[in-house]
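Notes follow the structure.
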Amino acid sequence: MCVRSCFQSSCLQWAWRTAFLKHIQRRHQGSHRWTHLGGSTYRAVIFDMGGVLIPSPGRVAAEWEVQNRIPSGTILKALMEGGENGPWMRFMRAEITAEGFLREFGRLCSEMSKTSVPVDSFFSLLTSERVAKQFPVMTEAITQIRAKGLQTAVLSNNFYLPNQKSFLPLDRKQFDVVVESCVEGICKPDPRIYKLCLERLGLQPSESIFLDDLGPNVKAAASLGIHTIKVNDPETAVKELEALLGFTLRLGVPNTQPVRKTMEIPKDSLKKYLKDLLGIQTTGPLELLQFDHGQSNPTYYIRLANRDLVLRKKPPGTLLPSAHAIEREFSVVGTPFYVMEYCPGLIYKDPSLPGLEPSHRRAIYTAMNTVLCKIHSVDPQAVGLEDYGKQGAYIPRQVRTWVKQYRASETSTIPAMERLIEWLPLHLPHQQRTTLVHGDFRLDNLVFHPEKPEVLAVLDWELSTLGDPLIDVAYSCLAHYLPSSFPVLRGFNDCDLTQLGIPAAEEYFRMYCLQMGLPPTENWNFYMAFSFFRLAAILQGVYWRSLTGQASSAHAEQTGKLTEFVSNLAWDFAVKEGFRVFKEMPFKNPLTRFCHTWARSQSQWYPIGTRSYSSVPEASPAHASRGGLVISPESLSPPVRELYHRLKRFMEQHVYPAEPELQSHQASAARWSPSPLIEDLKEKAKAEGLWNLFLPLEADPEKKYGAGLTNVEYAHLCELMGTSLYAPEICNCSAPDTGNMELLVRYGTEAQKARWLMPLLEGKARSCFAMTEPQVASSDATNIEASIREEDSFYVINGHKWWITGILDPRCQLCVFMGKTDPHAPRHRQQSVLLVPMDTPGIKIIRPLTVYGLEDAPGGHGEVRFERVHVPKENMVLGPGRGFEITQGRLGPGRIHHCMRLIGFSERALALMKARVKSRVAFGKPLVEQGTVLADIAQSRVEIEQARLLVLRAAHVMDLAGNKAAALDIAMIKMVAPSMASRVIDRAIQAFGAAGLSSDYPLAQFFTWARALRFADGPDEVHRATVAKLELKHRI
Ligand SMILES: Cc1cc2nc3c(=O)[nH]c(=O)nc-3n(C[C@H](O)[C@H](O)[C@H](O)COP(=O)(O)OP(=O)(O)OC[C@H]3O[C@@H](n4cnc5c(N)ncnc54)[C@H](O)[C@@H]3O)c2cc1C
């Protein structure tokens, strides 16, 4: 697109134009000063480092404190504590090492804030590449100063890093002299260090200018006769420096850099073209710089005569079909391009808006929302854009386009992308409106007014067209779900939005709907899923180009590798949206409810009944299991109902009859070896398709690993398995293997899956989960102390664990180990999960623990020491510091299986009780005729039904809204189910008399387990605390 047509057709002409006019005025005002090169007498500029060239420790600390919930100002106060002889200043003079400093400093911070302060994490951040970066404005200034023949120096209070090198994240070539306090053993404001610097520069004080952000340092320099600038903000400081030096220090354009080697364009032909086009008569040079962002299409700043322009072009090399749709212009610069007027202003590249007040941040996001509403309110016809895009079917076209783009750059199969490619066309929302769509609407594509929260211009219109405006709203919320460490497109999902003042995605969406006068959309998750899918396709394109050496950014290769991460995010939203669609599926008969009690005696061994009360008599609608809450197995969809009955037959024919033999094996000398009968029954269950039923459809949508049941469907089957202590293992559905398998399916690499998941799924291996430690209260997992340290290509673990279920089983091949990789990281980023092969040297089982005297052989519950256990690095799950995310955040279904089984325990206990009291006579009549026995039976029935409904509800919410949304329901059933089961089983034991305590019946073992589960699945109190917290948060 050429300049003229671009200016004519741009629908945002108003934005560009206003901005441009304002800019021209300002630029002209400034040009007098810029052309004045007046006779400066200065010969050097001396820069402090922190706060002048790179961010100051104080500023870094302020943000870090917010993110880590440390009382504001703690770090700064502690830095200043003790003055000259405080730990910071002694560290600056290298009188103490980094380790010594951190110890002392940590203590000081903790005393001041009365909380534990992980100062190591602050120190890591302060010295990280992400933070310790020279301000571009200073880089430009130094280049200009040196170009004028002046010397430059750094005079910094600085320190040695633990590797004994001083912390100097600067290009030394920029400076003639570098003076560091840690090298000299003297700190500013001691005059000697200034004199040292001047001496090395060979200058008198009056010949130099010194910039520092700290008043005392500035004052000391001034008292020596050095000209000084107190730096509050680098941009303003550069302006002051310009005034003193009398020449410009700005290349004129923020966020630019010299043109990268691979992105050079022929200046001469471009200059000729622009001169002809714009009618410019000049012999002066064409100034060309490259903007430092813009992944897909490189963007350049051009200054020709007095015109400031922006050129955007396609990258060089082979491109994906129809990508980079910059309109077809003849190749003046090698590839098609277009040119725009330059609009000066602020571009916020970090969406968390560091350094701004919360109210300011909110205002920025509100302005962003408002400008989007304005774009979407443009009447395409009124501005002559009715032909700007195809009419209708925007989303289906977009899905097709991005699938095509992705396929064209695909380098390997990404499972989530494959699922999305199938899912997206099946879940297209109904498009409500057609408006102008920007197509890439995000914060860093907006130019803001430097002094007020007002959008001056909107950039990057390559993807603009006519379409569904909700795409733009969703796309502008990507940052909400991406981490701050996400390269290129930064996010803030790891920040506290309330504290920052940034509206949450839902609120942002509501603001939009309110401004546009629209009802809130139901398809929010679809739009997010599609936006992330599109981002994944874009990243894949960048990656593909990096492989062919044509990427326009140095980050390209790294970026492309993130495709998989982003596609998983997209799939998370698809899952949520999918559940919504589920919910809306029409019922054939909405009144149908089937609820069966267990009444009929089924087994001569232990009478198990069938739940059988119903409001209507016959079979269920085909999709009932996907729509409403299915409260009885009879209402399951026909295939699942058939599976349920198959399982029931299997229980009656094979499992219950085997119980006495299995029980006596557990009491025999051979108990620490697996029972051959169990192995035999496992083969039978496998042959009947009663195998691996536990993996929820949502985690395994292709049914690659399991039966693909919903949580509600599985709840009914799991309850049935729970009526026998042995059935879960026989059907390969027992803990802790189920949780570990789910973890591997969700987070394991392909290699980890091949090594561990497959043998577990086949039932050939078993596994354990090692978290709890004797020396700390392990109900608070942040207390876990076991260490995981990096040593060469290994992680080395040391720790003491106990209550590790299954670890004594000779088939146990895998220990999923939780420990600390970084004790100084924020609390929830310290733990990691590592896959430890059980045959690794250093794992020492100390003893089996017993629960009320029961050993629970052959798996048992072991106390174990891990002594310098070397584990290959590739056995880390997801990455260091992700332990909490793995064990708490996303593992849902595995956490409620115990509750489902507890309902099974209870049903079995009640059935046994009923049979017993009918057949036993005391004081002249059957026990069943005693009022107290009847009352107990009634009480147990009511309690079981209440708990079952709650369990089914939790499973249902997990199916409909996802595991996270079901947090309250999950905590409620964990609070309710074990106690309920304990009471019901206890009543049954009471009715049985002493026999109930023996091992002739499963009651004693049921009781033991129900009691143990009030710890094993987290103590009751912790679940109660969660329920109360969520109740107070959401239901006031
Ligand atoms: C049979 C069995 C099997 C187990 N299997 C495993 C396993 O395979 N792997 C594994 O790692 N662990 C396992 N455990 C351990 C179990 O997870 C822990 O016992 C549980 O997390 C509690 O930790 P703790 O024992 O250290 O109790 P602590 O953390 O010391 O807590 C003690 C008590 O403090 C009180 N308390 C704690 N928090 C709160 C609060 N917020 N409010 C009020 N009161 C509170 C409660 O009364 C709690 O019971 C198993 C335990 C049992 C009994």
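Convention: chains lettered A, B, ... in structure tokens order; per-chain residue numbering from 1; ligands numbered from 1 as shown.
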
request  = Using only C-alpha atoms, determine which residues lie at most 12 Å from region 507-514 of chain A, disregarding the query and same-chain residues fewer than 4 positions distant; provide the list as a VMD selection string.
outcome  = chain A and resid 362 to 377 469 to 478 480 497 to 498 501 to 503 518 to 525 527 to 528

Would you write out those residues with N, CA and C atoms, as a short mmCIF file (atom, residue, chain, number, x, y, z; two decimals), in the first residue's frame?
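And here is the file that came out, part.cif:
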data_model
loop_
_atom_site.label_atom_id
_atom_site.label_comp_id
_atom_site.auth_asym_id
_atom_site.auth_seq_id
_atom_site.Cartn_x
_atom_site.Cartn_y
_atom_site.Cartn_z
N ARG A 362 -5.38 1.61 35.76
CA ARG A 362 -6.79 1.36 35.44
C ARG A 362 -7.25 2.29 34.32
N ALA A 363 -6.79 3.56 34.43
CA ALA A 363 -7.19 4.54 33.42
C ALA A 363 -6.66 4.16 32.04
N ILE A 364 -5.45 3.61 32.00
CA ILE A 364 -4.86 3.19 30.72
C ILE A 364 -5.72 2.08 30.09
N TYR A 365 -6.11 1.09 30.93
CA TYR A 365 -6.91 -0.01 30.39
C TYR A 365 -8.31 0.46 30.01
N THR A 366 -8.81 1.43 30.75
CA THR A 366 -10.13 1.96 30.39
C THR A 366 -10.05 2.67 29.05
N ALA A 367 -8.96 3.43 28.87
CA ALA A 367 -8.79 4.15 27.59
C ALA A 367 -8.66 3.16 26.44
N MET A 368 -7.97 2.06 26.71
CA MET A 368 -7.80 1.03 25.68
C MET A 368 -9.16 0.45 25.29
N ASN A 369 -9.97 0.18 26.33
CA ASN A 369 -11.30 -0.36 26.09
C ASN A 369 -12.15 0.63 25.29
N THR A 370 -12.02 1.91 25.67
CA THR A 370 -12.83 2.94 25.01
C THR A 370 -12.47 3.06 23.54
N VAL A 371 -11.17 3.03 23.25
CA VAL A 371 -10.79 3.20 21.85
C VAL A 371 -11.24 1.98 21.03
N LEU A 372 -11.25 0.83 21.66
CA LEU A 372 -11.75 -0.35 20.95
C LEU A 372 -13.24 -0.20 20.64
N CYS A 373 -13.97 0.32 21.63
CA CYS A 373 -15.40 0.57 21.39
C CYS A 373 -15.57 1.56 20.24
N LYS A 374 -14.69 2.56 20.19
CA LYS A 374 -14.80 3.56 19.11
C LYS A 374 -14.56 2.89 17.76
N ILE A 375 -13.56 2.04 17.69
CA ILE A 375 -13.28 1.35 16.42
C ILE A 375 -14.49 0.53 16.01
N HIS A 376 -15.06 -0.17 16.99
CA HIS A 376 -16.18 -1.05 16.67
C HIS A 376 -17.47 -0.27 16.42
N SER A 377 -17.44 1.02 16.74
CA SER A 377 -18.65 1.82 16.49
C SER A 377 -18.58 2.54 15.14
N PRO A 469 -16.51 -8.36 16.20
CA PRO A 469 -15.69 -7.51 17.07
C PRO A 469 -15.22 -8.21 18.34
N LEU A 470 -15.91 -9.26 18.76
CA LEU A 470 -15.50 -9.90 20.02
C LEU A 470 -14.11 -10.53 19.92
N ILE A 471 -13.69 -10.78 18.71
CA ILE A 471 -12.33 -11.28 18.50
C ILE A 471 -11.31 -10.28 19.06
N ASP A 472 -11.55 -9.00 18.80
CA ASP A 472 -10.63 -7.97 19.29
C ASP A 472 -10.62 -7.92 20.82
N VAL A 473 -11.80 -8.05 21.41
CA VAL A 473 -11.89 -7.95 22.87
C VAL A 473 -11.10 -9.11 23.50
N ALA A 474 -11.32 -10.29 22.96
CA ALA A 474 -10.62 -11.46 23.51
C ALA A 474 -9.12 -11.31 23.29
N TYR A 475 -8.74 -10.88 22.10
CA TYR A 475 -7.31 -10.79 21.80
C TYR A 475 -6.62 -9.80 22.73
N SER A 476 -7.36 -8.75 23.11
CA SER A 476 -6.72 -7.77 23.97
C SER A 476 -6.60 -8.27 25.41
N CYS A 477 -7.14 -9.45 25.69
CA CYS A 477 -7.00 -10.02 27.04
C CYS A 477 -5.98 -11.15 27.10
N LEU A 478 -5.22 -11.37 26.05
CA LEU A 478 -4.24 -12.46 26.08
C LEU A 478 -3.26 -12.32 27.24
N HIS A 480 -3.60 -11.27 30.07
CA HIS A 480 -4.14 -11.68 31.37
C HIS A 480 -3.78 -13.13 31.69
N LEU A 497 -3.77 -8.64 40.17
CA LEU A 497 -4.38 -7.57 39.37
C LEU A 497 -5.05 -6.52 40.24
N THR A 498 -5.65 -6.98 41.34
CA THR A 498 -6.35 -6.03 42.21
C THR A 498 -5.36 -5.01 42.73
N GLY A 501 -4.29 -2.69 40.04
CA GLY A 501 -5.34 -1.78 39.58
C GLY A 501 -5.81 -2.09 38.17
N ILE A 502 -5.33 -3.21 37.61
CA ILE A 502 -5.71 -3.57 36.22
C ILE A 502 -7.00 -4.40 36.26
N PRO A 503 -7.98 -4.06 35.43
CA PRO A 503 -9.21 -4.85 35.45
C PRO A 503 -8.95 -6.29 35.00
N LEU A 518 -24.22 -3.76 25.12
CA LEU A 518 -24.50 -5.15 24.71
C LEU A 518 -24.74 -6.03 25.93
N PRO A 519 -25.50 -7.10 25.77
CA PRO A 519 -25.59 -8.06 26.88
C PRO A 519 -24.27 -8.83 26.95
N PRO A 520 -23.87 -9.34 28.12
CA PRO A 520 -22.61 -10.08 28.21
C PRO A 520 -22.67 -11.34 27.32
N THR A 521 -21.55 -11.62 26.64
CA THR A 521 -21.57 -12.78 25.73
C THR A 521 -21.37 -14.07 26.50
N GLU A 522 -21.96 -15.12 25.98
CA GLU A 522 -21.84 -16.44 26.60
C GLU A 522 -20.62 -17.18 26.06
N ASN A 523 -20.12 -16.72 24.92
CA ASN A 523 -19.08 -17.50 24.23
C ASN A 523 -17.68 -17.00 24.50
N TRP A 524 -17.53 -16.30 25.58
CA TRP A 524 -16.24 -15.71 25.94
C TRP A 524 -15.10 -16.72 25.80
N ASN A 525 -15.35 -17.95 26.27
CA ASN A 525 -14.27 -18.95 26.25
C ASN A 525 -13.91 -19.37 24.82
N TYR A 527 -13.95 -17.41 22.21
CA TYR A 527 -13.12 -16.34 21.64
C TYR A 527 -11.71 -16.39 22.22
N MET A 528 -11.61 -16.71 23.50
CA MET A 528 -10.27 -16.83 24.09
C MET A 528 -9.54 -18.03 23.50
#

ask   = Got a sec to check which residues lie within 7 Å of ligand 1, using only C-alpha atoms and all ligand atoms, and send them as a PyMOL selection string?
value = chain A and resi 736+768-774+776-780+802-806+851+861+1009+1012-1013+1015-1022+1025

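Around Pro858 (chain A), within 6 Å and counting only C-alpha atoms, the residues found are A:Arg671, A:Trp672, A:Ser673, A:Asp809, once anything fewer than 3 positions away on its own chain is removed.
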
Expected file contents, prior selection, all heavy atoms, as a CSV table (one decimal), in the first residue's frame:
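Result written to out.csv:
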chain,number,residue,atom,x,y,z
A,671,ARG,N,2.4,-61.5,52.5
A,671,ARG,CA,1.7,-60.3,52.2
A,671,ARG,C,2.4,-59.2,51.5
A,671,ARG,O,1.8,-58.3,50.8
A,671,ARG,CB,1.0,-59.7,53.5
A,671,ARG,CG,2.0,-59.2,54.5
A,671,ARG,CD,1.4,-58.9,55.8
A,671,ARG,NE,2.3,-58.5,56.9
A,671,ARG,CZ,3.1,-59.2,57.6
A,671,ARG,NH1,3.1,-60.5,57.4
A,671,ARG,NH2,3.9,-58.7,58.5
A,672,TRP,N,3.8,-59.1,51.6
A,672,TRP,CA,4.5,-58.0,50.9
A,672,TRP,C,4.8,-58.3,49.5
A,672,TRP,O,5.5,-57.6,48.8
A,672,TRP,CB,5.8,-57.7,51.7
A,672,TRP,CG,5.5,-57.2,53.1
A,672,TRP,CD1,5.6,-57.8,54.3
A,672,TRP,CD2,4.9,-55.9,53.4
A,672,TRP,NE1,5.2,-57.0,55.3
A,672,TRP,CE2,4.7,-55.8,54.8
A,672,TRP,CE3,4.5,-54.8,52.6
A,672,TRP,CZ2,4.2,-54.7,55.4
A,672,TRP,CZ3,3.9,-53.7,53.2
A,672,TRP,CH2,3.8,-53.6,54.6
A,673,SER,N,4.3,-59.5,49.0
A,673,SER,CA,4.3,-59.7,47.5
A,673,SER,C,2.9,-59.6,47.0
A,673,SER,O,1.9,-59.9,47.8
A,673,SER,CB,4.8,-61.2,47.2
A,673,SER,OG,5.9,-61.4,47.9
A,809,ASP,N,5.6,-51.7,47.8
A,809,ASP,CA,5.1,-52.7,46.8
A,809,ASP,C,6.3,-53.0,45.9
A,809,ASP,O,6.9,-52.1,45.3
A,809,ASP,CB,4.0,-52.1,46.0
A,809,ASP,CG,3.2,-53.2,45.2
A,809,ASP,OD1,3.9,-54.0,44.6
A,809,ASP,OD2,2.0,-53.2,45.2

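Among the candidates A:Glu410, A:Asp213, A:Asp460, A:Asp468, the one nearest to Leu311 (chain A) when counting only C-alpha atoms is A:Asp460.
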
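The residues of region 261-444 of chain A that DSSP classifies as strand (DSSP E or B), using the backbone of this structure, are Leu286, Glu287, Leu288, Leu289, Gln290, Phe291, Thr299, Tyr300, Tyr301, Ile302, Arg303, Leu304, Arg307, Asp308, Leu309, Val310, Leu311, Arg312, Lys313, Phe337, Tyr338, Val339, Met340, Glu341, Leu346, Thr435, Leu436 and Val437 of chain A.
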
Could you save the residues just selected, with N, CA and C atoms, as an mmCIF file, in the first residue's frame?
data_model
loop_
_atom_site.group_PDB
_atom_site.id
_atom_site.type_symbol
_atom_site.label_atom_id
_atom_site.label_comp_id
_atom_site.auth_asym_id
_atom_site.auth_seq_id
_atom_site.Cartn_x
_atom_site.Cartn_y
_atom_site.Cartn_z
ATOM 1 N N LEU A 286 18.625 10.398 4.203
ATOM 2 C CA LEU A 286 17.414 9.752 4.719
ATOM 3 C C LEU A 286 17.846 9.004 5.983
ATOM 4 N N GLU A 287 17.256 9.402 7.107
ATOM 5 C CA GLU A 287 17.608 8.765 8.379
ATOM 6 C C GLU A 287 16.732 7.534 8.553
ATOM 7 N N LEU A 288 17.346 6.397 8.848
ATOM 8 C CA LEU A 288 16.570 5.155 8.926
ATOM 9 C C LEU A 288 16.899 4.415 10.215
ATOM 10 N N LEU A 289 15.860 4.105 10.987
ATOM 11 C CA LEU A 289 16.039 3.315 12.211
ATOM 12 C C LEU A 289 15.005 2.201 12.198
ATOM 13 N N GLN A 290 15.233 1.207 13.046
ATOM 14 C CA GLN A 290 14.247 0.111 13.091
ATOM 15 C C GLN A 290 13.568 0.096 14.457
ATOM 16 N N PHE A 291 12.238 -0.047 14.460
ATOM 17 C CA PHE A 291 11.540 -0.166 15.739
ATOM 18 C C PHE A 291 11.897 -1.513 16.347
ATOM 19 N N THR A 299 9.464 -2.984 11.048
ATOM 20 C CA THR A 299 8.934 -1.625 10.960
ATOM 21 C C THR A 299 10.073 -0.630 11.144
ATOM 22 N N TYR A 300 10.078 0.401 10.324
ATOM 23 C CA TYR A 300 11.208 1.338 10.306
ATOM 24 C C TYR A 300 10.718 2.764 10.543
ATOM 25 N N TYR A 301 11.586 3.527 11.169
ATOM 26 C CA TYR A 301 11.347 4.966 11.280
ATOM 27 C C TYR A 301 12.169 5.643 10.179
ATOM 28 N N ILE A 302 11.536 6.592 9.484
ATOM 29 C CA ILE A 302 12.240 7.308 8.411
ATOM 30 C C ILE A 302 12.145 8.794 8.681
ATOM 31 N N ARG A 303 13.268 9.494 8.564
ATOM 32 C CA ARG A 303 13.217 10.952 8.604
ATOM 33 C C ARG A 303 13.817 11.435 7.300
ATOM 34 N N LEU A 304 13.006 12.153 6.552
ATOM 35 C CA LEU A 304 13.483 12.697 5.285
ATOM 36 C C LEU A 304 13.042 14.153 5.242
ATOM 37 N N ARG A 307 10.044 15.396 7.247
ATOM 38 C CA ARG A 307 8.945 14.434 7.361
ATOM 39 C C ARG A 307 9.360 13.248 8.226
ATOM 40 N N ASP A 308 8.499 12.891 9.179
ATOM 41 C CA ASP A 308 8.729 11.709 10.012
ATOM 42 C C ASP A 308 7.740 10.648 9.565
ATOM 43 N N LEU A 309 8.273 9.512 9.145
ATOM 44 C CA LEU A 309 7.406 8.483 8.580
ATOM 45 C C LEU A 309 7.702 7.126 9.212
ATOM 46 N N VAL A 310 6.765 6.239 9.013
ATOM 47 C CA VAL A 310 6.963 4.861 9.471
ATOM 48 C C VAL A 310 6.742 3.947 8.280
ATOM 49 N N LEU A 311 7.680 3.050 8.059
ATOM 50 C CA LEU A 311 7.536 2.105 6.956
ATOM 51 C C LEU A 311 7.422 0.704 7.535
ATOM 52 N N ARG A 312 6.464 0.003 7.026
ATOM 53 C CA ARG A 312 6.261 -1.375 7.492
ATOM 54 C C ARG A 312 6.312 -2.263 6.271
ATOM 55 N N LYS A 313 7.060 -3.323 6.360
ATOM 56 C CA LYS A 313 7.220 -4.159 5.174
ATOM 57 C C LYS A 313 7.148 -5.631 5.524
ATOM 58 N N PHE A 337 5.436 -3.119 0.912
ATOM 59 C CA PHE A 337 5.511 -2.304 2.126
ATOM 60 C C PHE A 337 4.415 -1.237 2.096
ATOM 61 N N TYR A 338 4.251 -0.565 3.208
ATOM 62 C CA TYR A 338 3.462 0.654 3.200
ATOM 63 C C TYR A 338 4.090 1.668 4.138
ATOM 64 N N VAL A 339 3.699 2.926 3.952
ATOM 65 C CA VAL A 339 4.310 4.000 4.730
ATOM 66 C C VAL A 339 3.209 4.797 5.427
ATOM 67 N N MET A 340 3.508 5.189 6.661
ATOM 68 C CA MET A 340 2.529 5.991 7.419
ATOM 69 C C MET A 340 3.222 7.205 7.998
ATOM 70 N N GLU A 341 2.421 8.135 8.469
ATOM 71 C CA GLU A 341 2.988 9.242 9.220
ATOM 72 C C GLU A 341 3.388 8.740 10.606
ATOM 73 N N LEU A 346 3.650 7.514 23.880
ATOM 74 C CA LEU A 346 4.187 6.419 24.687
ATOM 75 C C LEU A 346 3.595 5.094 24.248
ATOM 76 N N THR A 435 -18.475 -5.564 12.385
ATOM 77 C CA THR A 435 -17.915 -4.208 12.485
ATOM 78 C C THR A 435 -16.501 -4.239 11.917
ATOM 79 N N LEU A 436 -15.896 -3.067 11.931
ATOM 80 C CA LEU A 436 -14.491 -2.997 11.614
ATOM 81 C C LEU A 436 -13.741 -3.740 12.728
ATOM 82 N N VAL A 437 -12.829 -4.614 12.357
ATOM 83 C CA VAL A 437 -12.066 -5.376 13.346
ATOM 84 C C VAL A 437 -10.587 -5.058 13.156
#

Any idea what's packed within 9 Å of region 387-392 of chain A, counting only C-alpha atoms, ignoring anything in its chain fewer than 4 positions away? Could you give it as a JSON list (two decimals) with N, CA, C and O atoms, in the first residue's frame?
[["chain", "number", "residue", "atom", "x", "y", "z"],
["A", 380, "PRO", "N", -18.95, 1.21, 8.86],
["A", 380, "PRO", "CA", -18.10, 0.96, 7.69],
["A", 380, "PRO", "C", -18.63, 1.66, 6.43],
["A", 380, "PRO", "O", -17.84, 2.20, 5.64],
["A", 381, "GLN", "N", -19.94, 1.68, 6.28],
["A", 381, "GLN", "CA", -20.52, 2.28, 5.08],
["A", 381, "GLN", "C", -20.27, 3.78, 5.05],
["A", 381, "GLN", "O", -19.87, 4.35, 4.04],
["A", 431, "GLN", "N", -22.41, -15.25, 15.19],
["A", 431, "GLN", "CA", -21.88, -13.87, 15.15],
["A", 431, "GLN", "C", -23.03, -12.87, 15.27],
["A", 431, "GLN", "O", -23.96, -12.88, 14.48],
["A", 434, "THR", "N", -21.37, -7.29, 12.80],
["A", 434, "THR", "CA", -20.20, -7.17, 11.93],
["A", 434, "THR", "C", -19.72, -5.73, 12.00],
["A", 434, "THR", "O", -20.49, -4.80, 11.75],
["A", 436, "LEU", "N", -15.90, -3.07, 11.93],
["A", 436, "LEU", "CA", -14.49, -3.00, 11.61],
["A", 436, "LEU", "C", -13.74, -3.74, 12.73],
["A", 436, "LEU", "O", -14.03, -3.54, 13.91],
["A", 464, "SER", "N", -6.57, -6.10, 9.92],
["A", 464, "SER", "CA", -7.89, -5.47, 10.04],
["A", 464, "SER", "C", -8.78, -5.86, 8.87],
["A", 464, "SER", "O", -8.32, -6.11, 7.77],
["A", 465, "THR", "N", -10.07, -5.94, 9.18],
["A", 465, "THR", "CA", -11.05, -6.32, 8.17],
["A", 465, "THR", "C", -12.44, -6.04, 8.74],
["A", 465, "THR", "O", -12.57, -5.37, 9.77],
["A", 466, "LEU", "N", -13.47, -6.53, 8.09],
["A", 466, "LEU", "CA", -14.80, -6.48, 8.69],
["A", 466, "LEU", "C", -15.06, -7.84, 9.30],
["A", 466, "LEU", "O", -14.77, -8.86, 8.66],
["A", 467, "GLY", "N", -15.55, -7.87, 10.53],
["A", 467, "GLY", "CA", -15.77, -9.17, 11.15],
["A", 467, "GLY", "C", -16.42, -9.08, 12.50],
["A", 467, "GLY", "O", -17.09, -8.08, 12.81],
["A", 468, "ASP", "N", -16.19, -10.12, 13.30],
["A", 468, "ASP", "CA", -16.83, -10.21, 14.61],
["A", 468, "ASP", "C", -15.97, -9.44, 15.63],
["A", 468, "ASP", "O", -14.83, -9.84, 15.92]]

task = May I have the residues within 12 Å of Ala751 (chain A) as a ChimeraX atom specification, using only C-alpha atoms and disregarding those fewer than 5 positions away in the same chain?
result = /A:744-745,756-758,835,874-877

Go ahead and write the residues just picked, N, CA, C and O atoms, as a compact mmCIF listing (two decimals), in the first residue's frame.
# COMPACT_ATOMS: atom_id res chain seq x y z
N LEU A 744 0.94 -37.47 34.68
CA LEU A 744 1.78 -37.73 33.51
C LEU A 744 1.05 -37.39 32.21
O LEU A 744 1.64 -36.84 31.28
N VAL A 745 -0.25 -37.69 32.16
CA VAL A 745 -1.01 -37.37 30.93
C VAL A 745 -1.02 -35.87 30.72
O VAL A 745 -0.80 -35.38 29.61
N TRP A 756 7.00 -44.01 31.88
CA TRP A 756 6.26 -44.26 33.12
C TRP A 756 4.78 -44.52 32.91
O TRP A 756 4.20 -45.39 33.53
N LEU A 757 4.18 -43.72 32.03
CA LEU A 757 2.72 -43.80 31.91
C LEU A 757 2.30 -45.15 31.33
O LEU A 757 1.36 -45.79 31.82
N MET A 758 2.99 -45.57 30.30
CA MET A 758 2.56 -46.79 29.62
C MET A 758 2.55 -48.01 30.55
O MET A 758 1.55 -48.70 30.65
N LEU A 835 10.36 -37.04 38.78
CA LEU A 835 10.02 -38.46 38.64
C LEU A 835 11.26 -39.29 39.02
O LEU A 835 12.28 -39.23 38.33
N GLU A 874 16.06 -34.63 32.94
CA GLU A 874 14.86 -34.73 32.11
C GLU A 874 13.68 -35.33 32.87
O GLU A 874 12.57 -35.39 32.36
N ASN A 875 13.93 -35.75 34.13
CA ASN A 875 12.81 -36.31 34.92
C ASN A 875 12.02 -35.23 35.65
O ASN A 875 11.07 -35.53 36.36
N MET A 876 12.41 -33.98 35.49
CA MET A 876 11.64 -32.88 36.10
C MET A 876 10.31 -32.76 35.37
O MET A 876 10.25 -32.85 34.14
N VAL A 877 9.23 -32.57 36.12
CA VAL A 877 7.93 -32.40 35.47
C VAL A 877 7.66 -30.91 35.29
O VAL A 877 7.76 -30.14 36.25

key: Contacts of region 575-577 of chain A at 12 Å (only C-alpha atoms; same-chain gap of 5+ positions) as JSON, numbers by chain   = {"A": [416, 419, 420, 423, 424, 426, 427, 428, 429, 521, 522, 523, 524, 525, 526, 527, 528, 529, 530, 568, 569, 570, 582, 583, 584, 696, 697, 698, 699, 700, 701, 957, 958, 959, 960, 961, 962, 963, 964, 965]}

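Interatomic distance, CA of Leu126 (chain A) against CA of Ala61 (chain A): 8.0 Å.
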
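By only C-alpha atoms, and with residues fewer than 6 positions from Cys495 (chain A) along its chain excluded, the set lying at most 9 Å from it is Val66, Gln67, Ser352, Pro483 and Ser484 of chain A.
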
task = Could you find all residues in region 825-948 of chain A that DSSP calls helix (DSSP H, G or I) from the backbone, and write them as a ChimeraX atom specification?
result = /A:827-829,873-875,883-889,893-919,927-929,931-948
